[in-house]
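**Q** The structure's right below; bear with me while I get my questions together.
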Amino acid sequence: MPSLKDLKNRIASVRSTQKITKAMQMVAAAKLRRAEELAAAARPYAARMNDVLSGLSAAYAGRSDAPKLLAGTGSDQTHLLIVATAERGLCGGFNSNISRMAREHARKLISEGKTVKILCVGKKGHDVLKRLFADQIVHFVTLREVKQIGYSNAQAIGEKVLSMFASGEFDVATLFYSKFRSVISQEPTAQQLIPAAFEASEASSEPVSYEYEPGEEAILNDLLPRNVSVQIFSALLENGAGEMGAKMSAMDNATRNAGDMINRLTLSYNRQRQAQITKELIEIISGAEAL
């Protein structure tokens, strides 16, 4: 059984930890608001880009002259997995959920005889995946020194992906990230970037016909490469909000758990102290009666 001094030291140690987790929770809450605003501001742009490209790509369905980023290489032998996670931990299962989805997808592709290449964005995903897929990781991007994610960060990643595609290094590119739903809900998501896959538009129930200038082909050739960077940028912002939400929840749980532990240790301390006092009183009374 630990001594009173040991229990007192443990209570002080847990109380110090509780102060740290409470401070981290408050910092995450402050950062979450800004991150959530950035993610929400980027969604309409990404959704509108999806709508425009979805309408334009419909005209090229099944055509041999479709842009390569839309039609693909005609093969799906080599897959590039772009895994975007956070740079830091202490955010519950946020990073592990994204990594698990990418890991399961990679294993499935390998079991089908496909070639898998991995581009990691974020230290935590890289640390997890390199244990099993060190040979498949072809590029690693860290944004640890970036205080606020900007479009230029996503554009640099997008240019790397497009360069690899242009040189024939892969056939299909899939982006893995976590979509922010709420503070307690982040949804791991897999989105195919190349060949471009677009969700059905919900903006209008009736199809609208547009006339494009200078022309559909020229617009597609300009927007399709840009769409890769836009979707990566949107994913990074979603990750930023999701990380802060997950960290806020994790630190709140840690703070409450520390409080429960302090209560249990305090109860043990008081019981042991009371038992010691009772024992000393019994010894004093017994000694007095012996005299």
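Here's how to read the names in the structure tokens: chain A, B, ... by the order shown, residue numbers from 1 in each chain, ligand numbers from 1 in the order shown.
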Can you pull out the residues contacting Gln155 (chain A)? Cut-off 10 Å, using only C-alpha atoms, and skip same-chain residues under 5 positions away; I want them as a VMD selection string.
**A** chain A and resid 150 160 to 161 225 to 233
**Q** Go ahead and save the residues from that selection, with C-alpha atoms, as an mmCIF file, in the first residue's frame.
**A**
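Output below, filename result08.cif:
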data_model
loop_
_atom_site.group_PDB
_atom_site.id
_atom_site.type_symbol
_atom_site.label_atom_id
_atom_site.label_comp_id
_atom_site.auth_asym_id
_atom_site.auth_seq_id
_atom_site.Cartn_x
_atom_site.Cartn_y
_atom_site.Cartn_z
ATOM 1 C CA GLY A 150 -2.873 28.654 -47.268
ATOM 2 C CA LYS A 160 3.719 17.451 -57.231
ATOM 3 C CA VAL A 161 0.763 15.120 -57.876
ATOM 4 C CA PRO A 225 -5.436 20.823 -62.820
ATOM 5 C CA ARG A 226 -6.633 23.612 -60.545
ATOM 6 C CA ASN A 227 -9.334 21.345 -59.121
ATOM 7 C CA VAL A 228 -6.655 18.980 -57.757
ATOM 8 C CA SER A 229 -5.153 21.795 -55.672
ATOM 9 C CA VAL A 230 -8.596 23.100 -54.656
ATOM 10 C CA GLN A 231 -9.716 19.717 -53.347
ATOM 11 C CA ILE A 232 -6.423 19.236 -51.479
ATOM 12 C CA PHE A 233 -6.763 22.727 -49.978
#
**Q** Show me, as a list in words, the residues that have an atom within 6 Å of Leu119 (chain A) when counting only C-alpha atoms, minus same-chain residues fewer than 3 positions from it.
**A** Ile82, Ile137, Val138, His139 and Phe140 of chain A
**Q** Could you write those residues out with all heavy atoms, as an mmCIF file, in the first residue's frame?
**A**
data_model
loop_
_atom_site.group_PDB
_atom_site.id
_atom_site.type_symbol
_atom_site.label_atom_id
_atom_site.label_comp_id
_atom_site.auth_asym_id
_atom_site.auth_seq_id
_atom_site.Cartn_x
_atom_site.Cartn_y
_atom_site.Cartn_z
ATOM 1 N N ILE A 82 -2.923 9.678 -51.389
ATOM 2 C CA ILE A 82 -2.498 10.922 -50.745
ATOM 3 C C ILE A 82 -3.153 10.952 -49.365
ATOM 4 O O ILE A 82 -4.362 11.146 -49.249
ATOM 5 C CB ILE A 82 -2.921 12.147 -51.576
ATOM 6 C CG1 ILE A 82 -2.442 12.000 -53.028
ATOM 7 C CG2 ILE A 82 -2.389 13.432 -50.961
ATOM 8 C CD1 ILE A 82 -3.074 12.989 -53.985
ATOM 9 N N ILE A 137 6.049 4.481 -49.704
ATOM 10 C CA ILE A 137 5.996 5.939 -49.504
ATOM 11 C C ILE A 137 7.006 6.609 -50.441
ATOM 12 O O ILE A 137 8.208 6.410 -50.326
ATOM 13 C CB ILE A 137 6.295 6.305 -48.034
ATOM 14 C CG1 ILE A 137 5.214 5.731 -47.115
ATOM 15 C CG2 ILE A 137 6.370 7.827 -47.876
ATOM 16 C CD1 ILE A 137 5.447 5.990 -45.640
ATOM 17 N N VAL A 138 6.488 7.387 -51.381
ATOM 18 C CA VAL A 138 7.339 8.015 -52.399
ATOM 19 C C VAL A 138 7.604 9.491 -52.103
ATOM 20 O O VAL A 138 8.532 10.081 -52.672
ATOM 21 C CB VAL A 138 6.706 7.864 -53.793
ATOM 22 C CG1 VAL A 138 6.625 6.399 -54.198
ATOM 23 C CG2 VAL A 138 5.315 8.508 -53.843
ATOM 24 N N HIS A 139 6.796 10.099 -51.234
ATOM 25 C CA HIS A 139 6.995 11.522 -50.942
ATOM 26 C C HIS A 139 6.347 11.840 -49.600
ATOM 27 O O HIS A 139 5.332 11.251 -49.227
ATOM 28 C CB HIS A 139 6.378 12.388 -52.040
ATOM 29 C CG HIS A 139 6.795 13.829 -51.981
ATOM 30 N ND1 HIS A 139 8.105 14.227 -52.121
ATOM 31 C CD2 HIS A 139 6.075 14.964 -51.794
ATOM 32 C CE1 HIS A 139 8.178 15.553 -52.036
ATOM 33 N NE2 HIS A 139 6.952 16.012 -51.830
ATOM 34 N N PHE A 140 6.960 12.774 -48.868
ATOM 35 C CA PHE A 140 6.466 13.168 -47.561
ATOM 36 C C PHE A 140 6.481 14.686 -47.455
ATOM 37 O O PHE A 140 7.511 15.321 -47.699
ATOM 38 C CB PHE A 140 7.315 12.530 -46.456
ATOM 39 C CG PHE A 140 7.049 13.071 -45.074
ATOM 40 C CD1 PHE A 140 5.756 13.239 -44.613
ATOM 41 C CD2 PHE A 140 8.102 13.410 -44.231
ATOM 42 C CE1 PHE A 140 5.499 13.737 -43.344
ATOM 43 C CE2 PHE A 140 7.871 13.905 -42.964
ATOM 44 C CZ PHE A 140 6.562 14.067 -42.516
#
**Q** As a VMD selection string, please: the residues near Thr115 (chain A) (cut-off 12 Å, only C-alpha atoms, same-chain neighbours under 6 positions excluded).
**A** chain A and resid 75 to 81 105 to 109 133 135 to 137 169 to 173
**Q** Given the choices A:Ser54, A:Ala190, A:Met164, A:Gly240, which gets closest to Val146 (chain A) if the distance is worked out from only C-alpha atoms?
**A** A:Gly240
**Q** Would you mind writing down, as a PyMOL selection string, each residue of region 43-291 of chain A that DSSP on the backbone assigns to alpha helix (DSSP H)?
**A** chain A and resi 43-58+68-71+94-111+123-133+151-166+216-290
**Q** I'd like the neighbourhood of Leu223 (chain A) as a list of chain:residue names, where a residue qualifies if any of its atoms comes within 10 Å (using only C-alpha atoms), though same-chain residues fewer than 6 positions away should be ignored.
**A**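 Here the qualifying residues turn out to be A:Met49, A:Val52, A:Leu53, A:Glu217, A:Val230.
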**Q** Considering only C-alpha atoms, state which residue in the set A:Ser152, A:Lys68, A:Val183, A:Pro188 is at the smallest distance from Ala102 (chain A).
**A** A:Pro188
**Q** With a distance cut-off of 10 Å and only C-alpha atoms, select the neighbouring residues of region 12-19 of chain A, excluding the residue or stretch itself and same-chain residues fewer than 3 positions from it, and output the selection as a PyMOL selection string.
**A** chain A and resi 6-9+22-25+251-252+254-259+261-262+265
**Q** Please write the residues from the selection above to a file, keeping N, CA, C and O atoms, as a compact mmCIF listing (two decimals), in the first residue's frame.
**A**
# COMPACT_ATOMS: atom_id res chain seq x y z
N ASP A 6 3.45 9.24 -0.67
CA ASP A 6 3.33 8.82 -2.07
C ASP A 6 1.98 9.27 -2.65
O ASP A 6 1.91 9.75 -3.78
N LEU A 7 0.91 9.08 -1.87
CA LEU A 7 -0.42 9.49 -2.34
C LEU A 7 -0.48 11.00 -2.54
O LEU A 7 -1.07 11.48 -3.52
N LYS A 8 0.12 11.74 -1.61
CA LYS A 8 0.12 13.20 -1.74
C LYS A 8 0.87 13.65 -2.98
O LYS A 8 0.44 14.57 -3.70
N ASN A 9 2.00 12.99 -3.27
CA ASN A 9 2.77 13.32 -4.47
C ASN A 9 2.00 12.98 -5.74
O ASN A 9 2.05 13.73 -6.74
N LYS A 22 -6.40 21.06 -19.26
CA LYS A 22 -7.42 22.11 -19.29
C LYS A 22 -6.96 23.27 -20.16
O LYS A 22 -7.74 23.83 -20.96
N ALA A 23 -5.68 23.64 -20.03
CA ALA A 23 -5.14 24.72 -20.86
C ALA A 23 -5.15 24.34 -22.34
O ALA A 23 -5.50 25.16 -23.21
N MET A 24 -4.77 23.08 -22.63
CA MET A 24 -4.78 22.62 -24.03
C MET A 24 -6.19 22.59 -24.59
O MET A 24 -6.41 22.88 -25.77
N GLN A 25 -7.16 22.25 -23.76
CA GLN A 25 -8.56 22.27 -24.20
C GLN A 25 -9.00 23.68 -24.57
O GLN A 25 -9.67 23.90 -25.59
N MET A 251 -8.93 16.46 -24.83
CA MET A 251 -8.43 17.14 -23.64
C MET A 251 -9.53 17.34 -22.60
O MET A 251 -9.26 17.33 -21.39
N ASP A 252 -10.77 17.50 -23.05
CA ASP A 252 -11.89 17.59 -22.10
C ASP A 252 -12.05 16.26 -21.36
O ASP A 252 -12.25 16.23 -20.13
N ALA A 254 -9.68 14.04 -20.93
CA ALA A 254 -8.51 13.88 -20.06
C ALA A 254 -8.64 14.70 -18.79
O ALA A 254 -8.26 14.25 -17.70
N THR A 255 -9.18 15.91 -18.91
CA THR A 255 -9.36 16.76 -17.73
C THR A 255 -10.35 16.15 -16.75
O THR A 255 -10.12 16.14 -15.53
N ARG A 256 -11.46 15.62 -17.28
CA ARG A 256 -12.45 14.99 -16.41
C ARG A 256 -11.91 13.70 -15.78
O ARG A 256 -12.17 13.41 -14.61
N ASN A 257 -11.15 12.94 -16.56
CA ASN A 257 -10.54 11.72 -16.01
C ASN A 257 -9.54 12.05 -14.91
O ASN A 257 -9.45 11.32 -13.91
N ALA A 258 -8.79 13.12 -15.10
CA ALA A 258 -7.85 13.55 -14.06
C ALA A 258 -8.59 13.95 -12.80
O ALA A 258 -8.15 13.64 -11.67
N GLY A 259 -9.72 14.62 -12.97
CA GLY A 259 -10.52 15.00 -11.81
C GLY A 259 -11.03 13.78 -11.06
O GLY A 259 -11.01 13.74 -9.81
N MET A 261 -9.62 10.83 -11.03
CA MET A 261 -8.47 10.20 -10.38
C MET A 261 -8.07 10.94 -9.11
O MET A 261 -7.73 10.32 -8.09
N ILE A 262 -8.14 12.27 -9.16
CA ILE A 262 -7.82 13.06 -7.97
C ILE A 262 -8.80 12.73 -6.84
O ILE A 262 -8.40 12.59 -5.68
N LEU A 265 -7.86 9.27 -5.45
CA LEU A 265 -6.63 9.32 -4.66
C LEU A 265 -6.85 10.07 -3.34
O LEU A 265 -6.29 9.70 -2.30
**Q** May I have the residues within 12 Å of Thr85 (chain A) as JSON, numbers by chain, using only C-alpha atoms and disregarding those fewer than 6 positions away in the same chain?
**A** {"A": [91, 93, 94, 95, 96, 97, 98, 99, 100, 101, 102, 119, 120, 121, 122, 123, 124, 125, 126, 127, 128, 129, 140, 141, 142, 143, 144, 175, 176, 177, 178, 179, 188, 189, 232, 235, 236, 237, 238, 239, 240, 241, 242, 243]}
**Q** Would you put the residues from that selection into a file with N, CA and C atoms, as a tab-separated table (two decimals), in the first residue's frame?
**A**
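The file below, again-v1.tsv, is the result:
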chain	number	residue	atom	x	y	z
A	91	CYS	N	-5.00	14.14	-30.05
A	91	CYS	CA	-6.32	14.49	-30.60
A	91	CYS	C	-7.16	13.23	-30.80
A	93	GLY	N	-8.61	9.74	-31.68
A	93	GLY	CA	-8.43	8.83	-32.81
A	93	GLY	C	-8.44	9.52	-34.16
A	94	PHE	N	-8.25	10.84	-34.18
A	94	PHE	CA	-8.33	11.59	-35.44
A	94	PHE	C	-7.34	11.07	-36.47
A	95	ASN	N	-6.07	11.02	-36.12
A	95	ASN	CA	-5.04	10.60	-37.07
A	95	ASN	C	-5.13	9.11	-37.38
A	96	SER	N	-5.38	8.30	-36.36
A	96	SER	CA	-5.42	6.85	-36.56
A	96	SER	C	-6.58	6.43	-37.45
A	97	ASN	N	-7.71	7.15	-37.39
A	97	ASN	CA	-8.86	6.80	-38.23
A	97	ASN	C	-8.56	7.03	-39.71
A	98	ILE	N	-7.88	8.14	-40.02
A	98	ILE	CA	-7.50	8.41	-41.42
A	98	ILE	C	-6.49	7.38	-41.89
A	99	SER	N	-5.48	7.13	-41.06
A	99	SER	CA	-4.44	6.17	-41.42
A	99	SER	C	-5.00	4.77	-41.58
A	100	ARG	N	-5.96	4.41	-40.74
A	100	ARG	CA	-6.56	3.07	-40.84
A	100	ARG	C	-7.30	2.91	-42.17
A	101	MET	N	-8.04	3.95	-42.57
A	101	MET	CA	-8.77	3.87	-43.84
A	101	MET	C	-7.79	3.72	-45.01
A	102	ALA	N	-6.71	4.50	-45.00
A	102	ALA	CA	-5.71	4.42	-46.06
A	102	ALA	C	-5.01	3.06	-46.04
A	119	LEU	N	1.73	9.11	-50.82
A	119	LEU	CA	2.24	10.46	-50.57
A	119	LEU	C	1.63	10.93	-49.25
A	120	CYS	N	2.48	11.13	-48.26
A	120	CYS	CA	2.00	11.49	-46.92
A	120	CYS	C	2.07	13.00	-46.72
A	121	VAL	N	0.98	13.57	-46.23
A	121	VAL	CA	0.93	14.98	-45.85
A	121	VAL	C	0.63	15.02	-44.36
A	122	GLY	N	1.62	15.34	-43.56
A	122	GLY	CA	1.44	15.32	-42.12
A	122	GLY	C	2.28	14.24	-41.46
A	123	LYS	N	2.91	14.58	-40.36
A	123	LYS	CA	3.87	13.69	-39.70
A	123	LYS	C	3.20	12.46	-39.11
A	124	LYS	N	2.02	12.62	-38.51
A	124	LYS	CA	1.40	11.50	-37.80
A	124	LYS	C	1.01	10.37	-38.74
A	125	GLY	N	0.47	10.69	-39.89
A	125	GLY	CA	0.13	9.66	-40.86
A	125	GLY	C	1.37	8.98	-41.40
A	126	HIS	N	2.43	9.76	-41.61
A	126	HIS	CA	3.69	9.20	-42.09
A	126	HIS	C	4.28	8.23	-41.07
A	127	ASP	N	4.23	8.60	-39.79
A	127	ASP	CA	4.78	7.73	-38.74
A	127	ASP	C	4.05	6.40	-38.67
A	128	VAL	N	2.74	6.42	-38.89
A	128	VAL	CA	1.95	5.18	-38.82
A	128	VAL	C	2.19	4.31	-40.05
A	129	LEU	N	2.13	4.91	-41.24
A	129	LEU	CA	2.19	4.14	-42.47
A	129	LEU	C	3.58	3.61	-42.79
A	140	PHE	N	6.96	12.77	-48.87
A	140	PHE	CA	6.47	13.17	-47.56
A	140	PHE	C	6.48	14.69	-47.45
A	141	VAL	N	5.33	15.26	-47.13
A	141	VAL	CA	5.20	16.71	-46.98
A	141	VAL	C	4.85	17.01	-45.53
A	142	THR	N	5.63	17.87	-44.88
A	142	THR	CA	5.33	18.29	-43.52
A	142	THR	C	4.96	19.76	-43.51
A	143	LEU	N	3.90	20.09	-42.80
A	143	LEU	CA	3.45	21.48	-42.67
A	143	LEU	C	3.57	21.94	-41.22
A	144	ARG	N	4.52	21.34	-40.50
A	144	ARG	CA	4.66	21.61	-39.07
A	144	ARG	C	4.99	23.07	-38.78
A	175	LEU	N	-7.43	10.75	-52.45
A	175	LEU	CA	-7.08	11.61	-51.31
A	175	LEU	C	-7.82	11.12	-50.07
A	176	PHE	N	-7.07	10.96	-48.97
A	176	PHE	CA	-7.65	10.53	-47.69
A	176	PHE	C	-7.51	11.67	-46.68
A	177	TYR	N	-8.62	12.03	-46.07
A	177	TYR	CA	-8.62	13.09	-45.06
A	177	TYR	C	-9.83	12.89	-44.16
A	178	SER	N	-10.05	13.81	-43.24
A	178	SER	CA	-11.19	13.70	-42.33
A	178	SER	C	-12.10	14.91	-42.53
A	179	LYS	N	-13.35	14.65	-42.84
A	179	LYS	CA	-14.32	15.72	-43.07
A	179	LYS	C	-14.90	16.16	-41.72
A	188	PRO	N	-13.73	10.17	-41.53
A	188	PRO	CA	-12.66	9.82	-42.49
A	188	PRO	C	-13.24	9.65	-43.89
A	189	THR	N	-12.60	10.26	-44.88
A	189	THR	CA	-13.15	10.31	-46.23
A	189	THR	C	-12.08	9.96	-47.25
A	232	ILE	N	-7.43	19.46	-52.53
A	232	ILE	CA	-6.42	19.24	-51.48
A	232	ILE	C	-6.49	20.36	-50.44
A	235	ALA	N	-9.44	19.81	-48.27
A	235	ALA	CA	-9.18	18.70	-47.36
A	235	ALA	C	-8.29	19.13	-46.20
A	236	LEU	N	-7.28	19.95	-46.47
A	236	LEU	CA	-6.38	20.41	-45.41
A	236	LEU	C	-7.13	21.30	-44.41
A	237	LEU	N	-8.05	22.12	-44.91
A	237	LEU	CA	-8.84	22.96	-44.01
A	237	LEU	C	-9.81	22.12	-43.18
A	238	GLU	N	-10.41	21.12	-43.82
A	238	GLU	CA	-11.29	20.22	-43.07
A	238	GLU	C	-10.49	19.50	-41.99
A	239	ASN	N	-9.29	19.07	-42.33
A	239	ASN	CA	-8.42	18.41	-41.35
A	239	ASN	C	-8.08	19.34	-40.18
A	240	GLY	N	-7.82	20.61	-40.51
A	240	GLY	CA	-7.47	21.57	-39.46
A	240	GLY	C	-8.60	21.74	-38.45
A	241	ALA	N	-9.84	21.86	-38.96
A	241	ALA	CA	-10.98	21.98	-38.05
A	241	ALA	C	-11.22	20.69	-37.29
A	242	GLY	N	-11.09	19.57	-38.00
A	242	GLY	CA	-11.30	18.27	-37.35
A	242	GLY	C	-10.28	18.00	-36.26
A	243	GLU	N	-9.02	18.37	-36.52
A	243	GLU	CA	-7.97	18.15	-35.52
A	243	GLU	C	-8.26	18.94	-34.25
**Q** Tell me, counting only C-alpha atoms, for each residue of region 206-279 of chain A within 12 Å of region 284-290 of chain A, which pair of atoms is nearest and how far apart they are in Å to one decimal, in rows ordered by chain and increasing number, as CSV.
**A**
residue,atom,partner,partner_atom,distance
A:Ile277,CA,A:Ile284,CA,10.6
A:Thr278,CA,A:Ile284,CA,9.9
A:Lys279,CA,A:Ile284,CA,8.7
**Q** What gap, in Å, lies between CA of Ala246 (chain A) and CA of Leu90 (chain A)?
**A**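 Value for the CA of Ala246 (chain A)-CA of Leu90 (chain A) distance: 8.6 Å.
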**Q** Write out as a CSV table (one decimal) with N, CA and C atoms, in the first residue's frame all residues of region 25-175 of chain A that DSSP puts in strand (DSSP E or B) for this structure's backbone.
**A**
chain,number,residue,atom,x,y,z
A,78,THR,N,-1.6,1.2,-61.2
A,78,THR,CA,-0.8,1.9,-60.2
A,78,THR,C,-1.7,3.0,-59.5
A,79,HIS,N,-1.7,2.9,-58.2
A,79,HIS,CA,-2.5,3.8,-57.4
A,79,HIS,C,-1.7,4.7,-56.5
A,80,LEU,N,-2.0,6.0,-56.5
A,80,LEU,CA,-1.3,6.9,-55.5
A,80,LEU,C,-2.3,7.3,-54.4
A,81,LEU,N,-1.9,7.0,-53.2
A,81,LEU,CA,-2.7,7.3,-52.1
A,81,LEU,C,-2.2,8.6,-51.4
A,82,ILE,N,-2.9,9.7,-51.4
A,82,ILE,CA,-2.5,10.9,-50.7
A,82,ILE,C,-3.2,11.0,-49.4
A,83,VAL,N,-2.4,10.7,-48.3
A,83,VAL,CA,-2.9,10.6,-47.0
A,83,VAL,C,-2.6,11.9,-46.2
A,84,ALA,N,-3.6,12.6,-45.9
A,84,ALA,CA,-3.4,13.9,-45.2
A,84,ALA,C,-3.9,13.7,-43.7
A,115,THR,N,-0.3,-1.9,-57.9
A,115,THR,CA,0.9,-1.3,-57.3
A,115,THR,C,0.4,0.0,-56.6
A,116,VAL,N,0.9,0.1,-55.3
A,116,VAL,CA,0.5,1.2,-54.5
A,116,VAL,C,1.7,2.1,-54.2
A,117,LYS,N,1.4,3.4,-54.3
A,117,LYS,CA,2.4,4.4,-53.9
A,117,LYS,C,1.7,5.4,-53.0
A,118,ILE,N,2.4,5.9,-52.0
A,118,ILE,CA,1.8,6.7,-50.9
A,118,ILE,C,2.5,8.0,-50.8
A,119,LEU,N,1.7,9.1,-50.8
A,119,LEU,CA,2.2,10.5,-50.6
A,119,LEU,C,1.6,10.9,-49.3
A,120,CYS,N,2.5,11.1,-48.3
A,120,CYS,CA,2.0,11.5,-46.9
A,120,CYS,C,2.1,13.0,-46.7
A,121,VAL,N,1.0,13.6,-46.2
A,121,VAL,CA,0.9,15.0,-45.9
A,121,VAL,C,0.6,15.0,-44.4
A,137,ILE,N,6.0,4.5,-49.7
A,137,ILE,CA,6.0,5.9,-49.5
A,137,ILE,C,7.0,6.6,-50.4
A,138,VAL,N,6.5,7.4,-51.4
A,138,VAL,CA,7.3,8.0,-52.4
A,138,VAL,C,7.6,9.5,-52.1
A,139,HIS,N,6.8,10.1,-51.2
A,139,HIS,CA,7.0,11.5,-50.9
A,139,HIS,C,6.3,11.8,-49.6
A,140,PHE,N,7.0,12.8,-48.9
A,140,PHE,CA,6.5,13.2,-47.6
A,140,PHE,C,6.5,14.7,-47.5
A,141,VAL,N,5.3,15.3,-47.1
A,141,VAL,CA,5.2,16.7,-47.0
A,141,VAL,C,4.8,17.0,-45.5
A,172,VAL,N,-4.2,6.2,-60.9
A,172,VAL,CA,-5.4,6.6,-60.1
A,172,VAL,C,-4.8,7.3,-58.8
A,173,ALA,N,-5.4,8.5,-58.5
A,173,ALA,CA,-5.0,9.2,-57.2
A,173,ALA,C,-6.2,9.3,-56.4
A,174,THR,N,-6.0,8.9,-55.1
A,174,THR,CA,-7.1,9.0,-54.1
A,174,THR,C,-6.6,9.8,-52.9
A,175,LEU,N,-7.4,10.8,-52.4
A,175,LEU,CA,-7.1,11.6,-51.3
A,175,LEU,C,-7.8,11.1,-50.1
**Q** Between A:Leu4, A:Met248, A:Ile282, A:Ile157, which has the minimum distance to Gly89 (chain A) (counting only C-alpha atoms)?
**A**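 Checking each candidate against Gly89 (chain A), we get A:Met248 as the closest.
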**Q** Could you please determine the separation between CA of Gly72 (chain A) and CA of Tyr45 (chain A) in Å, to one decimal place?
**A**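 About the pair CA of Gly72 (chain A) and CA of Tyr45 (chain A): they are 24.3 Å apart.
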**Q** Using CA of Asn50 (chain A) and CA of Ser185 (chain A) as the two end points, give the distance in Å to one decimal.
**A**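 Interatomic distance here is 24.2 Å.
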